[in-house]
>>> print(open('run_38.csv').read())   # CSV, C-alpha atoms and all ligand atoms
chain,number,residue,atom,x,y,z
A,1,THR,CA,2.5,-16.4,0.5
A,2,ASP,CA,6.1,-17.3,-0.4
A,3,GLN,CA,8.8,-14.8,0.5
A,4,TYR,CA,11.5,-13.5,-1.9
A,5,ALA,CA,13.7,-10.4,-1.8
A,6,VAL,CA,16.6,-8.6,-3.4
A,7,VAL,CA,19.7,-7.9,-1.3
A,8,GLY,CA,22.4,-5.3,-2.0
A,9,ASN,CA,24.3,-2.3,-0.8
A,10,PRO,CA,23.1,0.2,-2.0
A,11,ILE,CA,19.6,-1.1,-2.7
A,12,ALA,CA,17.2,1.8,-2.5
A,13,HIS,CA,16.9,2.3,-6.3
A,14,SER,CA,16.5,-1.4,-7.2
A,15,LEU,CA,13.8,-2.0,-9.7
A,16,SER,CA,13.6,-5.7,-8.8
A,17,PRO,CA,10.6,-5.5,-6.5
A,18,GLN,CA,8.6,-3.7,-9.2
A,19,ILE,CA,9.7,-6.2,-11.9
A,20,HIS,CA,8.9,-9.3,-9.8
A,21,GLY,CA,5.6,-7.7,-8.6
A,22,ALA,CA,4.6,-7.3,-12.3
A,23,PHE,CA,5.6,-10.9,-13.1
A,24,ALA,CA,3.6,-12.2,-10.1
A,25,ALA,CA,0.5,-10.1,-11.2
A,26,GLN,CA,0.9,-11.3,-14.7
A,27,THR,CA,1.2,-15.0,-13.9
A,28,GLY,CA,-1.1,-15.1,-10.8
A,29,GLU,CA,1.8,-16.4,-8.6
A,30,ASP,CA,1.2,-15.6,-4.9
A,31,ILE,CA,4.5,-14.2,-3.8
A,32,HIS,CA,5.8,-11.3,-1.6
A,33,TYR,CA,9.0,-9.7,-2.8
A,34,GLY,CA,11.0,-7.3,-0.5
A,35,LYS,CA,14.3,-5.5,-0.6
A,36,HIS,CA,17.0,-5.4,2.0
A,37,LEU,CA,20.0,-3.2,2.6
A,38,VAL,CA,22.7,-5.4,4.1
A,39,GLU,CA,26.0,-4.3,5.7
A,40,LYS,CA,29.0,-5.2,3.6
A,41,ASP,CA,30.2,-8.0,5.9
A,42,ARG,CA,26.8,-9.4,6.8
A,43,PHE,CA,25.6,-11.2,3.7
A,44,ALA,CA,25.9,-14.8,5.0
A,45,ASP,CA,24.2,-13.9,8.3
A,46,PHE,CA,21.3,-12.2,6.5
A,47,ALA,CA,20.9,-15.1,4.0
A,48,ARG,CA,21.0,-17.8,6.7
A,49,GLU,CA,18.3,-16.0,8.7
A,50,PHE,CA,16.2,-15.3,5.6
A,51,PHE,CA,16.2,-19.0,4.5
A,52,SER,CA,15.8,-20.5,8.0
A,53,GLY,CA,12.8,-18.1,8.5
A,54,GLY,CA,11.1,-19.7,5.5
A,55,GLY,CA,12.3,-17.5,2.7
A,56,ARG,CA,12.2,-19.2,-0.7
A,57,GLY,CA,14.6,-17.1,-2.9
A,58,LEU,CA,16.9,-14.1,-3.0
A,59,ASN,CA,18.2,-11.9,-5.8
A,60,VAL,CA,21.7,-10.7,-5.1
A,61,THR,CA,23.3,-7.6,-6.4
A,62,ALA,CA,26.5,-5.7,-5.8
A,63,PRO,CA,28.6,-6.1,-3.8
A,64,PHE,CA,27.3,-9.6,-2.7
A,65,LYS,CA,27.5,-11.8,-5.8
A,66,LEU,CA,30.7,-13.5,-4.6
A,67,ASP,CA,29.4,-13.9,-1.1
A,68,ALA,CA,26.3,-15.5,-2.5
A,69,CYS,CA,28.4,-17.9,-4.5
A,70,ARG,CA,30.2,-19.0,-1.3
A,71,PHE,CA,26.9,-19.2,0.6
A,72,ALA,CA,25.1,-21.6,-1.9
A,73,ASP,CA,25.2,-25.3,-1.1
A,74,GLN,CA,25.2,-26.2,-4.8
A,75,LEU,CA,25.9,-24.2,-7.9
A,76,THR,CA,24.5,-24.4,-11.4
A,77,GLU,CA,27.1,-24.7,-14.2
A,78,ARG,CA,26.6,-21.1,-15.3
A,79,ALA,CA,27.1,-19.9,-11.7
A,80,ARG,CA,30.2,-22.0,-11.3
A,81,ALA,CA,31.6,-20.6,-14.6
A,82,ALA,CA,30.8,-17.0,-13.6
A,83,GLY,CA,32.2,-17.5,-10.1
A,84,ALA,CA,29.2,-15.3,-9.0
A,85,VAL,CA,25.6,-15.9,-8.0
A,86,ASN,CA,22.7,-13.4,-8.6
A,87,THR,CA,19.9,-15.8,-7.6
A,88,LEU,CA,19.5,-18.1,-4.6
A,89,ALA,CA,16.7,-20.7,-4.5
A,90,LYS,CA,15.7,-22.9,-1.6
A,91,GLN,CA,15.4,-26.5,-2.7
A,92,GLY,CA,12.9,-29.2,-1.6
A,93,ASP,CA,15.6,-30.9,0.6
A,94,GLY,CA,16.3,-27.6,2.4
A,95,SER,CA,19.6,-26.8,0.7
A,96,VAL,CA,20.1,-23.6,-1.2
A,97,LEU,CA,21.0,-23.5,-4.9
A,98,GLY,CA,23.1,-20.7,-6.4
A,99,ASP,CA,22.4,-19.7,-10.0
A,100,ASN,CA,23.6,-16.8,-12.2
A,101,THR,CA,20.9,-15.6,-14.6
A,102,ASP,CA,22.7,-12.5,-15.9
A,103,GLY,CA,24.1,-14.1,-19.0
A,104,ALA,CA,20.8,-15.7,-19.9
A,105,GLY,CA,19.0,-12.4,-19.4
A,106,LEU,CA,21.5,-10.6,-21.7
A,107,VAL,CA,21.2,-13.2,-24.4
A,108,ALA,CA,17.4,-13.3,-24.2
A,109,ASP,CA,17.3,-9.5,-24.5
A,110,ILE,CA,19.6,-9.5,-27.5
A,111,ARG,CA,18.0,-12.4,-29.3
A,112,ASP,CA,14.3,-12.2,-28.4
A,113,ASN,CA,13.6,-8.5,-27.7
A,114,LEU,CA,16.1,-6.9,-30.0
A,115,GLY,CA,16.1,-9.7,-32.6
A,116,TRP,CA,19.9,-9.5,-33.1
A,117,GLU,CA,21.9,-12.6,-34.0
A,118,ILE,CA,24.8,-13.9,-31.8
A,119,ARG,CA,25.1,-17.2,-33.7
A,120,GLY,CA,27.7,-17.1,-36.4
A,121,ASN,CA,28.6,-13.5,-35.7
A,122,LYS,CA,31.8,-11.8,-34.5
A,123,ILE,CA,31.2,-10.6,-30.9
A,124,LEU,CA,33.4,-8.1,-29.0
A,125,LEU,CA,33.1,-7.8,-25.2
A,126,LEU,CA,34.5,-4.7,-23.5
A,127,GLY,CA,35.6,-5.2,-19.9
A,128,ALA,CA,37.0,-8.1,-17.9
A,129,GLY,CA,35.2,-7.8,-14.5
A,130,GLY,CA,32.2,-9.6,-13.0
A,131,ALA,CA,29.8,-8.4,-15.7
A,132,VAL,CA,31.8,-10.1,-18.5
A,133,ARG,CA,32.4,-13.2,-16.3
A,134,GLY,CA,28.6,-13.5,-15.8
A,135,ALA,CA,27.8,-13.2,-19.5
A,136,LEU,CA,30.5,-15.3,-21.2
A,137,LEU,CA,29.1,-18.8,-20.9
A,138,SER,CA,25.6,-17.8,-22.2
A,139,ILE,CA,27.2,-16.0,-25.1
A,140,LEU,CA,29.5,-18.9,-26.0
A,141,GLN,CA,26.5,-21.2,-25.9
A,142,GLU,CA,24.8,-19.2,-28.6
A,143,GLY,CA,27.6,-20.2,-31.0
A,144,PRO,CA,29.3,-17.0,-32.1
A,145,GLN,CA,31.9,-17.2,-34.9
A,146,VAL,CA,34.4,-15.2,-32.9
A,147,ILE,CA,34.5,-13.9,-29.4
A,148,HIS,CA,37.0,-11.3,-28.3
A,149,ILE,CA,37.4,-9.7,-24.9
A,150,ALA,CA,39.1,-6.3,-24.8
A,151,ASN,CA,39.9,-4.6,-21.5
A,152,ARG,CA,41.7,-1.5,-20.3
A,153,THR,CA,44.0,-3.8,-18.5
A,154,ALA,CA,44.9,-6.3,-21.2
A,155,GLN,CA,46.2,-8.9,-18.7
A,156,LYS,CA,42.8,-9.2,-17.1
A,157,ALA,CA,41.2,-9.9,-20.5
A,158,GLN,CA,43.8,-12.6,-21.2
A,159,GLN,CA,43.2,-14.2,-17.8
A,160,LEU,CA,39.5,-14.4,-18.4
A,161,ALA,CA,39.9,-15.9,-21.9
A,162,GLN,CA,42.2,-18.5,-20.3
A,163,ASP,CA,39.6,-19.2,-17.5
A,164,PHE,CA,36.9,-19.9,-20.1
A,165,SER,CA,39.1,-21.8,-22.6
A,166,GLY,CA,37.4,-25.1,-21.6
A,167,TYR,CA,34.1,-23.7,-23.0
A,168,GLY,CA,35.3,-22.4,-26.3
A,169,ARG,CA,37.9,-20.3,-28.1
A,170,ILE,CA,38.2,-16.7,-26.9
A,171,THR,CA,40.8,-14.2,-27.9
A,172,ALA,CA,41.8,-11.2,-25.8
A,173,SER,CA,43.6,-7.9,-25.9
A,174,GLY,CA,43.8,-4.4,-24.5
A,175,LEU,CA,41.4,-1.7,-25.8
A,176,ASP,CA,44.3,-0.4,-28.0
A,177,ALA,CA,44.7,-3.6,-29.9
A,178,VAL,CA,41.2,-4.7,-30.9
A,179,PRO,CA,40.8,-6.4,-34.3
A,180,ALA,CA,38.5,-4.7,-36.9
A,181,GLY,CA,35.0,-5.7,-38.0
A,182,PHE,CA,32.8,-6.9,-35.1
A,183,ASP,CA,29.1,-7.5,-35.7
A,184,LEU,CA,28.1,-7.0,-32.1
A,185,VAL,CA,29.9,-5.0,-29.4
A,186,ILE,CA,28.8,-5.4,-25.8
A,187,ASN,CA,30.0,-2.9,-23.3
A,188,ALA,CA,30.4,-4.7,-20.0
A,189,SER,CA,33.0,-2.3,-18.6
A,190,ALA,CA,32.2,0.0,-15.8
A,191,ALA,CA,33.1,3.0,-18.0
A,192,SER,CA,29.4,4.1,-18.5
A,193,LEU,CA,28.8,4.2,-14.8
A,194,SER,CA,31.3,7.1,-14.5
A,195,GLY,CA,30.1,8.7,-17.7
A,196,GLU,CA,33.2,7.6,-19.6
A,197,LEU,CA,33.8,6.2,-23.1
A,198,PRO,CA,36.1,3.2,-23.5
A,199,PRO,CA,38.8,4.3,-26.0
A,200,LEU,CA,37.8,2.0,-28.9
A,201,SER,CA,38.8,2.4,-32.6
A,202,PRO,CA,35.8,2.9,-34.9
A,203,ARG,CA,37.4,0.2,-37.1
A,204,SER,CA,36.3,-2.3,-34.5
A,205,LEU,CA,32.7,-1.9,-35.7
A,206,ALA,CA,31.8,-3.7,-38.9
A,207,GLN,CA,29.2,-2.2,-41.3
A,208,GLY,CA,25.8,-2.8,-39.8
A,209,CYS,CA,27.3,-3.3,-36.3
A,210,ARG,CA,25.0,-3.5,-33.3
A,211,THR,CA,26.1,-2.2,-29.9
A,212,TYR,CA,24.8,-3.0,-26.5
A,213,ASP,CA,25.6,-1.3,-23.2
A,214,MET,CA,24.8,-3.2,-20.0
A,215,VAL,CA,24.2,0.1,-18.2
A,216,TYR,CA,20.7,1.7,-18.5
A,217,GLY,CA,19.2,5.0,-17.7
A,218,ALA,CA,17.0,7.8,-18.9
A,219,GLU,CA,19.8,9.0,-21.3
A,220,PRO,CA,22.0,7.0,-23.7
A,221,THR,CA,25.5,6.3,-22.4
A,222,PRO,CA,28.6,8.0,-23.9
A,223,PHE,CA,29.3,4.6,-25.6
A,224,MET,CA,25.9,4.5,-27.1
A,225,ARG,CA,26.2,8.0,-28.4
A,226,TRP,CA,29.6,7.2,-29.9
A,227,ALA,CA,28.3,4.1,-31.6
A,228,GLU,CA,25.1,5.9,-32.9
A,229,GLN,CA,27.3,8.6,-34.5
A,230,LEU,CA,29.1,5.8,-36.4
A,231,GLY,CA,25.8,4.5,-37.7
A,232,ALA,CA,25.4,1.5,-35.4
A,233,GLU,CA,22.2,0.4,-33.8
A,234,THR,CA,22.3,0.7,-30.0
A,235,ALA,CA,20.6,-0.7,-27.0
A,236,ASP,CA,21.0,-0.2,-23.2
A,237,GLY,CA,20.9,-2.8,-20.5
A,238,LEU,CA,17.3,-2.4,-19.2
A,239,GLY,CA,16.2,-5.5,-21.1
A,240,MET,CA,19.0,-7.5,-19.5
A,241,LEU,CA,17.8,-6.4,-16.1
A,242,VAL,CA,14.2,-7.6,-16.8
A,243,GLY,CA,15.6,-10.7,-18.6
A,244,GLN,CA,17.7,-11.9,-15.6
A,245,ALA,CA,14.7,-11.3,-13.4
A,246,ALA,CA,12.5,-13.4,-15.7
A,247,GLU,CA,15.1,-16.3,-15.5
A,248,ALA,CA,15.1,-16.0,-11.7
A,249,PHE,CA,11.3,-16.0,-11.5
A,250,TYR,CA,11.3,-19.1,-13.7
A,251,LEU,CA,13.9,-20.9,-11.5
A,252,TRP,CA,11.8,-20.1,-8.4
A,253,ARG,CA,8.2,-20.6,-9.7
A,254,GLY,CA,8.6,-22.8,-12.8
A,255,VAL,CA,6.6,-20.3,-14.8
A,256,ARG,CA,8.0,-18.0,-17.5
A,257,PRO,CA,6.7,-14.5,-17.4
A,258,ALA,CA,6.4,-12.3,-20.5
A,259,VAL,CA,9.2,-9.8,-20.5
A,260,ALA,CA,8.0,-7.3,-23.1
A,261,PRO,CA,5.1,-5.6,-21.2
A,262,VAL,CA,7.3,-5.2,-18.1
A,263,LEU,CA,10.1,-3.7,-20.1
A,264,ASP,CA,7.7,-1.3,-21.8
A,265,MET,CA,6.4,-0.2,-18.4
A,266,LEU,CA,9.9,0.4,-17.0
A,267,ARG,CA,11.0,2.2,-20.1
A,268,ALA,CA,8.0,4.6,-19.9
A,269,GLU,CA,8.9,5.3,-16.3
A,270,LEU,CA,12.5,6.0,-17.0
A,271,ARG,CA,11.7,8.7,-19.5
A,301,LIG,P1,31.8,-5.4,-12.9
A,301,LIG,O1,31.5,-6.4,-11.8
A,301,LIG,O2,30.7,-4.3,-13.1
A,301,LIG,O3,32.3,-6.0,-14.1
A,301,LIG,P2,34.5,-4.8,-12.0
A,301,LIG,O4,34.7,-6.2,-11.7
A,301,LIG,O5,34.9,-3.7,-11.0
A,301,LIG,O6,32.9,-4.5,-12.2
A,301,LIG,O7,35.1,-4.5,-13.4
A,301,LIG,C1,35.0,-3.2,-14.0
A,301,LIG,C2,35.5,-3.3,-15.4
A,301,LIG,O8,35.3,-2.1,-16.1
A,301,LIG,C3,37.0,-3.6,-15.6
A,301,LIG,O9,37.1,-4.4,-16.7
A,301,LIG,C4,37.6,-2.2,-15.8
A,301,LIG,O10,38.8,-2.2,-16.5
A,301,LIG,P3,40.2,-2.6,-15.7
A,301,LIG,O11,40.3,-4.0,-15.5
A,301,LIG,O12,41.3,-2.0,-16.5
A,301,LIG,O13,40.1,-1.8,-14.3
A,301,LIG,C5,36.5,-1.6,-16.6
A,301,LIG,N1,36.5,-0.1,-16.6
A,301,LIG,C6,36.2,0.7,-15.5
A,301,LIG,N2,36.3,2.0,-15.9
A,301,LIG,C7,36.7,2.0,-17.2
A,301,LIG,C8,36.9,3.1,-18.1
A,301,LIG,N3,36.8,4.4,-17.8
A,301,LIG,N4,37.3,2.8,-19.4
A,301,LIG,C9,37.4,1.5,-19.7
A,301,LIG,N5,37.2,0.4,-18.9
A,301,LIG,C10,36.8,0.7,-17.6
>>> encode(input="run_38.csv", output="structure tokens")
Amino acid sequence: TDQYAVVGNPIAHSLSPQIHGAFAAQTGEDIHYGKHLVEKDRFADFAREFFSGGGRGLNVTAPFKLDACRFADQLTERARAAGAVNTLAKQGDGSVLGDNTDGAGLVADIRDNLGWEIRGNKILLLGAGGAVRGALLSILQEGPQVIHIANRTAQKAQQLAQDFSGYGRITASGLDAVPAGFDLVINASAASLSGELPPLSPRSLAQGCRTYDMVYGAEPTPFMRWAEQLGAETADGLGMLVGQAAEAFYLWRGVRPAVAPVLDMLRAELR
């Protein structure tokens, strides 16, 4: 039985063991998937021991995505662009590959589960932290017409647009200077985690706008409620969580699990 695990701090409420357990049952893959609470300065020690003890792959969550990026022997292009790693995979030659499946999970959820278009549309991203960094390349690769990053601290949004300028044209501003008329607004700021609403003008939402919040829970976030009141379709980030896990499972096992039944199961449990 091949060993996998998720590492974070905190980790108690991680749904990853349940998600990967469901993928394994569904595909008949013989894996064991654990979860480990690791002290803040102990990531590299833990990972070294895990892989030298025969472990095959790790999922990495806060606050260790930068540590995992440094730990990896090689990086995929999307992990290098993100500057963060959420998945480590032991390779045949004994080295450890670092990948970032967050953006792919987000795009798969938006495109395949929700059936919303990114291609040719005007996309607004709220926030300029690791969550946006992890998603940008995958969104750019879908071919949006416009991509704008708006952040509470404008300078951080501008820096991010600059960092990704080699991959495509991105504009940036503070939350108070967002252009009008976006087709899809993705809230990747940490505002929802503290029950707050990013101060965004309703004019930023085009007629028929769709809105996505990377945070998930039993209740809609303040951002989702705000967007709903304006007549926008809304979705939370549970599908992104399952999507990034499916991408990691594929990287490790070479088999693509079906996401929808696992998402339905988790949704039912959240309620
Ligand atoms: P993550 O890795 O989740 O992206 P992060 O790197 O700490 O976390 O970034 C948090 C992001 O949420 C930042 O863009 C932050 O804005 P600032 O750069 O101005 O700090 C944003 N954020 C946090 N709380 C917010 C709030 N109440 N309203 C709007 N944006 C908020």
>>> residues_near_ligand(input="run_38.csv", ligand="ligand LIG 301 (chain A)", cutoff="7 Å", atoms="all atoms listed in the file", output="PyMOL selection string")
chain A and resi 127-132+151-153+156+188-191+194+196-199
>>> residues_around(input="run_38.csv", residues="A:Ser52", least_positions_apart="5", cutoff="12 Å", atoms="all atoms listed in the file", output="MDAnalysis selection string")
chainID A and resid 3 44:47 57 90 94:96
>>> residues_near_point(input="run_38.csv", point="(19.9, -9.3, -23.8)", cutoff="9 Å", atoms="all atoms listed in the file", output="ChimeraX atom specification")
/A:102-114,212,214,237-241,243-244
>>> residues_around(input="run_38.csv", residues="stretch 229-233 of chain A", least_positions_apart="4", cutoff="8 Å", atoms="only C-alpha atoms", output="ChimeraX atom specification")
/A:202,207-211,225
>>> residues_around(input="run_38.csv", residues="A:Leu75", least_positions_apart="2", cutoff="7 Å", atoms="only C-alpha atoms", output="list in words")
Ala72, Asp73, Glu77, Ala79, Arg80, Leu97, Gly98 and Asp99 of chain A
>>> closest_residue(input="run_38.csv", among="A:Lys40, A:Gly115, A:Ala68, A:Asn59", to="A:Leu15", atoms="only C-alpha atoms")
A:Asn59
>>> atom_distance(input="run_38.csv", atom1="atom CA of A:Ile147", atom2="atom CA of A:Ala177")
14.5 Å
>>> atom_distance(input="run_38.csv", atom1="atom CA of A:Leu88", atom2="atom CA of A:Ala245")
12.1 Å
>>> residues_around(input="run_38.csv", residues="A:Lys65", least_positions_apart="4", cutoff="7 Å", atoms="only C-alpha atoms", output="PyMOL selection string")
chain A and resi 60-61+69+84-86
>>> residues_around(input="run_38.csv", residues="A:Ala218", least_positions_apart="5", cutoff="10 Å", atoms="all atoms listed in the file", output="ChimeraX atom specification")
/A:236,267-271
>>> atom_distance(input="run_38.csv", atom1="atom CA of A:Leu136", atom2="atom CA of A:Phe43")
25.7 Å
